[in-house]
$ cat model-v8.tsv   # TSV, N, CA and C atoms
chain	number	residue	atom	x	y	z
A	251	MET	N	50.03	29.93	-30.57
A	251	MET	CA	51.01	29.58	-31.58
A	251	MET	C	51.93	28.52	-31.00
A	252	ASN	N	52.22	27.51	-31.79
A	252	ASN	CA	53.19	26.49	-31.39
A	252	ASN	C	54.58	26.93	-31.85
A	253	LEU	N	55.52	26.90	-30.91
A	253	LEU	CA	56.89	27.29	-31.20
A	253	LEU	C	57.82	26.11	-31.00
A	254	THR	N	58.83	26.02	-31.84
A	254	THR	CA	59.89	25.05	-31.65
A	254	THR	C	61.11	25.81	-31.16
A	255	ILE	N	61.68	25.36	-30.05
A	255	ILE	CA	62.85	25.98	-29.45
A	255	ILE	C	64.02	25.04	-29.69
A	256	ILE	N	65.05	25.53	-30.35
A	256	ILE	CA	66.23	24.73	-30.61
A	256	ILE	C	67.36	25.28	-29.75
A	257	LEU	N	67.99	24.37	-28.99
A	257	LEU	CA	69.07	24.78	-28.09
A	257	LEU	C	70.42	24.60	-28.77
A	258	ASN	N	71.43	25.24	-28.22
A	258	ASN	CA	72.76	25.17	-28.83
A	258	ASN	C	73.40	23.79	-28.70
A	259	ASN	N	72.80	22.88	-27.90
A	259	ASN	CA	73.31	21.50	-27.82
A	259	ASN	C	72.54	20.56	-28.74
A	260	GLY	N	71.62	21.10	-29.56
A	260	GLY	CA	70.86	20.31	-30.51
A	260	GLY	C	69.51	19.83	-30.01
A	261	MET	N	69.22	19.95	-28.73
A	261	MET	CA	67.92	19.54	-28.20
A	261	MET	C	66.84	20.46	-28.73
A	262	GLN	N	65.62	19.91	-28.88
A	262	GLN	CA	64.48	20.70	-29.33
A	262	GLN	C	63.31	20.51	-28.39
A	263	PHE	N	62.56	21.59	-28.18
A	263	PHE	CA	61.35	21.58	-27.39
A	263	PHE	C	60.25	22.24	-28.20
A	264	THR	N	59.02	21.86	-27.93
A	264	THR	CA	57.87	22.53	-28.52
A	264	THR	C	57.05	23.12	-27.39
A	265	ALA	N	56.60	24.35	-27.57
A	265	ALA	CA	55.79	25.00	-26.55
A	265	ALA	C	54.66	25.75	-27.24
A	266	GLN	N	53.52	25.79	-26.57
A	266	GLN	CA	52.40	26.58	-27.08
A	266	GLN	C	52.39	27.90	-26.32
A	267	VAL	N	52.41	29.01	-27.08
A	267	VAL	CA	52.48	30.33	-26.49
A	267	VAL	C	51.39	31.20	-27.10
A	268	GLU	N	50.56	31.76	-26.25
A	268	GLU	CA	49.54	32.69	-26.71
A	268	GLU	C	50.13	34.09	-26.76
A	269	GLY	N	49.90	34.81	-27.83
A	269	GLY	CA	50.37	36.19	-27.94
A	269	GLY	C	51.88	36.32	-28.04
A	270	TYR	N	52.54	35.38	-28.70
A	270	TYR	CA	54.00	35.43	-28.85
A	270	TYR	C	54.41	36.68	-29.62
A	271	ASP	N	55.33	37.44	-29.06
A	271	ASP	CA	55.86	38.66	-29.69
A	271	ASP	C	57.37	38.47	-29.87
A	272	PRO	N	57.83	38.15	-31.08
A	272	PRO	CA	59.25	37.87	-31.28
A	272	PRO	C	60.16	39.05	-30.97
A	273	VAL	N	59.69	40.27	-31.17
A	273	VAL	CA	60.51	41.45	-30.88
A	273	VAL	C	60.71	41.59	-29.38
A	274	ALA	N	59.64	41.45	-28.61
A	274	ALA	CA	59.75	41.53	-27.15
A	274	ALA	C	60.60	40.39	-26.61
A	275	PHE	N	60.45	39.20	-27.19
A	275	PHE	CA	61.24	38.06	-26.73
A	275	PHE	C	62.72	38.28	-27.02
A	276	ALA	N	63.05	38.80	-28.19
A	276	ALA	CA	64.45	39.09	-28.52
A	276	ALA	C	65.03	40.13	-27.56
A	277	THR	N	64.23	41.11	-27.19
A	277	THR	CA	64.68	42.12	-26.23
A	277	THR	C	65.01	41.47	-24.89
A	278	THR	N	64.15	40.56	-24.46
A	278	THR	CA	64.40	39.84	-23.20
A	278	THR	C	65.67	39.00	-23.30
A	279	LEU	N	65.84	38.28	-24.41
A	279	LEU	CA	67.04	37.43	-24.56
A	279	LEU	C	68.32	38.25	-24.57
A	280	ASN	N	68.26	39.47	-25.05
A	280	ASN	CA	69.45	40.31	-25.13
A	280	ASN	C	69.71	41.13	-23.87
A	281	ASN	N	68.84	40.97	-22.87
A	281	ASN	CA	68.98	41.70	-21.61
A	281	ASN	C	69.96	40.95	-20.71
A	282	ASN	N	71.09	41.55	-20.41
A	282	ASN	CA	72.11	40.90	-19.58
A	282	ASN	C	71.68	40.69	-18.13
A	283	GLN	N	70.61	41.33	-17.70
A	283	GLN	CA	70.10	41.15	-16.34
A	283	GLN	C	69.28	39.86	-16.22
A	284	VAL	N	68.89	39.28	-17.35
A	284	VAL	CA	68.04	38.08	-17.37
A	284	VAL	C	68.91	36.84	-17.49
A	285	THR	N	68.63	35.81	-16.66
A	285	THR	CA	69.38	34.56	-16.77
A	285	THR	C	68.54	33.41	-17.32
A	286	VAL	N	67.24	33.40	-17.01
A	286	VAL	CA	66.35	32.37	-17.54
A	286	VAL	C	65.12	33.03	-18.15
A	287	VAL	N	64.54	32.35	-19.12
A	287	VAL	CA	63.33	32.84	-19.77
A	287	VAL	C	62.33	31.70	-19.84
A	288	ASN	N	61.05	32.05	-19.86
A	288	ASN	CA	60.04	31.04	-20.07
A	288	ASN	C	59.40	31.25	-21.44
A	289	ILE	N	59.18	30.13	-22.10
A	289	ILE	CA	58.51	30.12	-23.40
A	289	ILE	C	57.36	29.14	-23.22
A	290	GLY	N	56.18	29.67	-23.04
A	290	GLY	CA	55.04	28.80	-22.71
A	290	GLY	C	55.30	28.14	-21.38
A	291	ASN	N	55.31	26.81	-21.35
A	291	ASN	CA	55.53	26.08	-20.10
A	291	ASN	C	56.97	25.56	-19.98
A	292	VAL	N	57.88	26.08	-20.81
A	292	VAL	CA	59.29	25.67	-20.79
A	292	VAL	C	60.13	26.81	-20.23
A	293	VAL	N	60.99	26.52	-19.27
A	293	VAL	CA	61.90	27.52	-18.69
A	293	VAL	C	63.33	27.10	-19.03
A	294	LEU	N	64.08	28.02	-19.64
A	294	LEU	CA	65.42	27.72	-20.13
A	294	LEU	C	66.39	28.84	-19.81
A	295	SER	N	67.66	28.49	-19.75
A	295	SER	CA	68.71	29.50	-19.67
A	295	SER	C	68.72	30.25	-20.99
A	296	ARG	N	68.77	31.56	-20.94
A	296	ARG	CA	68.76	32.33	-22.18
A	296	ARG	C	70.00	32.05	-23.02
A	297	HIS	N	71.08	31.62	-22.39
A	297	HIS	CA	72.32	31.34	-23.11
A	297	HIS	C	72.24	30.03	-23.90
A	298	ALA	N	71.29	29.17	-23.58
A	298	ALA	CA	71.17	27.88	-24.25
A	298	ALA	C	70.34	27.96	-25.53
A	299	ILE	N	69.61	29.04	-25.71
A	299	ILE	CA	68.67	29.14	-26.84
A	299	ILE	C	69.40	29.56	-28.11
A	300	LEU	N	69.27	28.73	-29.12
A	300	LEU	CA	69.86	29.03	-30.42
A	300	LEU	C	68.83	29.66	-31.35
A	301	MET	N	67.60	29.11	-31.34
A	301	MET	CA	66.59	29.58	-32.28
A	301	MET	C	65.20	29.28	-31.73
A	302	VAL	N	64.27	30.20	-31.99
A	302	VAL	CA	62.86	29.98	-31.68
A	302	VAL	C	62.09	30.30	-32.96
A	303	VAL	N	61.34	29.32	-33.45
A	303	VAL	CA	60.59	29.50	-34.70
A	303	VAL	C	59.20	28.91	-34.56
A	304	PRO	N	58.24	29.47	-35.29
A	304	PRO	CA	56.92	28.83	-35.32
A	304	PRO	C	57.06	27.41	-35.86
A	305	THR	N	56.43	26.46	-35.21
A	305	THR	CA	56.58	25.05	-35.59
A	305	THR	C	56.18	24.82	-37.04
A	306	GLU	N	55.17	25.51	-37.52
A	306	GLU	CA	54.73	25.30	-38.89
A	306	GLU	C	55.75	25.83	-39.91
A	307	SER	N	56.74	26.61	-39.47
A	307	SER	CA	57.79	27.11	-40.36
A	307	SER	C	59.04	26.24	-40.34
A	308	MET	N	59.06	25.18	-39.56
A	308	MET	CA	60.25	24.35	-39.43
A	308	MET	C	60.69	23.76	-40.77
A	309	GLY	N	59.78	23.51	-41.68
A	309	GLY	CA	60.15	22.98	-42.99
A	309	GLY	C	60.91	23.97	-43.85
A	310	ASP	N	60.85	25.25	-43.50
A	310	ASP	CA	61.52	26.30	-44.27
A	310	ASP	C	62.97	26.50	-43.85
A	311	ILE	N	63.41	25.84	-42.77
A	311	ILE	CA	64.76	26.05	-42.24
A	311	ILE	C	65.71	25.03	-42.85
A	312	PRO	N	66.78	25.48	-43.49
A	312	PRO	CA	67.74	24.51	-44.05
A	312	PRO	C	68.43	23.73	-42.93
A	313	THR	N	68.68	22.45	-43.16
A	313	THR	CA	69.30	21.61	-42.14
A	313	THR	C	70.81	21.52	-42.31
A	314	SER	N	71.36	22.03	-43.39
A	314	SER	CA	72.80	21.99	-43.56
A	314	SER	C	73.31	23.21	-44.29
$ encode --input "model-v8.tsv" --output "structure tokens"
Amino acid sequence: MNLTIILNNGMQFTAQVEGYDPVAFATTLNNNQVTVVNIGNVVLSRHAILMVVPTESMGDIPTS
């Protein structure tokens, strides 16, 4: 699955992730013991991540 990662500074990344589980990922992001997460081949600070969505759903997200 291709995912688009939007950061709180407005930057966007695309990553391909096999077996993406949004519930498990949300659990990881909410874990205070974790400082960085990997999404496919992208490694980010968990505090920088604003949104992770399937790339094909990007047209469904309002821009304003």
$ atom_distance --input "model-v8.tsv" --atom1 "atom CA of Gln283 of chain A" --atom2 "atom CA of Pro304 of chain A"
26.2 Å
$ residues_near_point --input "model-v8.tsv" --point "(64.0, 27.8, -32.9)" --cutoff "6 Å" --atoms "only C-alpha atoms" --output "PDB file with N, CA and C atoms, keeping the file's coordinate frame"
ATOM      1  N   THR A 254      58.830  26.020 -31.840  1.00  0.00           N
ATOM      2  CA  THR A 254      59.890  25.050 -31.650  1.00  0.00           C
ATOM      3  C   THR A 254      61.110  25.810 -31.160  1.00  0.00           C
ATOM      4  N   ILE A 255      61.680  25.360 -30.050  1.00  0.00           N
ATOM      5  CA  ILE A 255      62.850  25.980 -29.450  1.00  0.00           C
ATOM      6  C   ILE A 255      64.020  25.040 -29.690  1.00  0.00           C
ATOM      7  N   ILE A 256      65.050  25.530 -30.350  1.00  0.00           N
ATOM      8  CA  ILE A 256      66.230  24.730 -30.610  1.00  0.00           C
ATOM      9  C   ILE A 256      67.360  25.280 -29.750  1.00  0.00           C
ATOM     10  N   MET A 301      67.600  29.110 -31.340  1.00  0.00           N
ATOM     11  CA  MET A 301      66.590  29.580 -32.280  1.00  0.00           C
ATOM     12  C   MET A 301      65.200  29.280 -31.730  1.00  0.00           C
ATOM     13  N   VAL A 302      64.270  30.200 -31.990  1.00  0.00           N
ATOM     14  CA  VAL A 302      62.860  29.980 -31.680  1.00  0.00           C
ATOM     15  C   VAL A 302      62.090  30.300 -32.960  1.00  0.00           C
ATOM     16  N   VAL A 303      61.340  29.320 -33.450  1.00  0.00           N
ATOM     17  CA  VAL A 303      60.590  29.500 -34.700  1.00  0.00           C
ATOM     18  C   VAL A 303      59.200  28.910 -34.560  1.00  0.00           C
TER      19      VAL A 303
END
$ residues_around --input "model-v8.tsv" --residues "segment 259-274 of chain A" --least-positions-apart "4" --cutoff "8 Å" --atoms "only C-alpha atoms" --output "ChimeraX atom specification"
/A:251-255,278,289-292,298,305
$ select_by_dssp --input "model-v8.tsv" --residues "chain A" --states "alpha helix (DSSP H)" --output "PDB file with N, CA and C atoms, in the coordinates of the input"
ATOM      1  N   PRO A 272      57.830  38.150 -31.080  1.00  0.00           N
ATOM      2  CA  PRO A 272      59.250  37.870 -31.280  1.00  0.00           C
ATOM      3  C   PRO A 272      60.160  39.050 -30.970  1.00  0.00           C
ATOM      4  N   VAL A 273      59.690  40.270 -31.170  1.00  0.00           N
ATOM      5  CA  VAL A 273      60.510  41.450 -30.880  1.00  0.00           C
ATOM      6  C   VAL A 273      60.710  41.590 -29.380  1.00  0.00           C
ATOM      7  N   ALA A 274      59.640  41.450 -28.610  1.00  0.00           N
ATOM      8  CA  ALA A 274      59.750  41.530 -27.150  1.00  0.00           C
ATOM      9  C   ALA A 274      60.600  40.390 -26.610  1.00  0.00           C
ATOM     10  N   PHE A 275      60.450  39.200 -27.190  1.00  0.00           N
ATOM     11  CA  PHE A 275      61.240  38.060 -26.730  1.00  0.00           C
ATOM     12  C   PHE A 275      62.720  38.280 -27.020  1.00  0.00           C
ATOM     13  N   ALA A 276      63.050  38.800 -28.190  1.00  0.00           N
ATOM     14  CA  ALA A 276      64.450  39.090 -28.520  1.00  0.00           C
ATOM     15  C   ALA A 276      65.030  40.130 -27.560  1.00  0.00           C
ATOM     16  N   THR A 277      64.230  41.110 -27.190  1.00  0.00           N
ATOM     17  CA  THR A 277      64.680  42.120 -26.230  1.00  0.00           C
ATOM     18  C   THR A 277      65.010  41.470 -24.890  1.00  0.00           C
ATOM     19  N   THR A 278      64.150  40.560 -24.460  1.00  0.00           N
ATOM     20  CA  THR A 278      64.400  39.840 -23.200  1.00  0.00           C
ATOM     21  C   THR A 278      65.670  39.000 -23.300  1.00  0.00           C
ATOM     22  N   LEU A 279      65.840  38.280 -24.410  1.00  0.00           N
ATOM     23  CA  LEU A 279      67.040  37.430 -24.560  1.00  0.00           C
ATOM     24  C   LEU A 279      68.320  38.250 -24.570  1.00  0.00           C
TER      25      LEU A 279
END
$ residues_near_point --input "model-v8.tsv" --point "(63.9, 28.7, -22.6)" --cutoff "6 Å" --atoms "only N, CA and C atoms" --output "MDAnalysis selection string"
chainID A and resid 287:289 292:296
$ write_last_selection --input "model-v8.tsv" --atoms "N, CA and C atoms" --output "CSV table (one decimal), keeping the file's coordinate frame"
chain,number,residue,atom,x,y,z
A,287,VAL,N,64.5,32.4,-19.1
A,287,VAL,CA,63.3,32.8,-19.8
A,287,VAL,C,62.3,31.7,-19.8
A,288,ASN,N,61.0,32.0,-19.9
A,288,ASN,CA,60.0,31.0,-20.1
A,288,ASN,C,59.4,31.2,-21.4
A,289,ILE,N,59.2,30.1,-22.1
A,289,ILE,CA,58.5,30.1,-23.4
A,289,ILE,C,57.4,29.1,-23.2
A,292,VAL,N,57.9,26.1,-20.8
A,292,VAL,CA,59.3,25.7,-20.8
A,292,VAL,C,60.1,26.8,-20.2
A,293,VAL,N,61.0,26.5,-19.3
A,293,VAL,CA,61.9,27.5,-18.7
A,293,VAL,C,63.3,27.1,-19.0
A,294,LEU,N,64.1,28.0,-19.6
A,294,LEU,CA,65.4,27.7,-20.1
A,294,LEU,C,66.4,28.8,-19.8
A,295,SER,N,67.7,28.5,-19.8
A,295,SER,CA,68.7,29.5,-19.7
A,295,SER,C,68.7,30.2,-21.0
A,296,ARG,N,68.8,31.6,-20.9
A,296,ARG,CA,68.8,32.3,-22.2
A,296,ARG,C,70.0,32.0,-23.0
$ atom_distance --input "model-v8.tsv" --atom1 "atom C of Asn281 of chain A" --atom2 "atom CA of Ile299 of chain A"
13.4 Å
$ atom_distance --input "model-v8.tsv" --atom1 "atom CA of Val284 of chain A" --atom2 "atom N of Glu306 of chain A"
27.0 Å
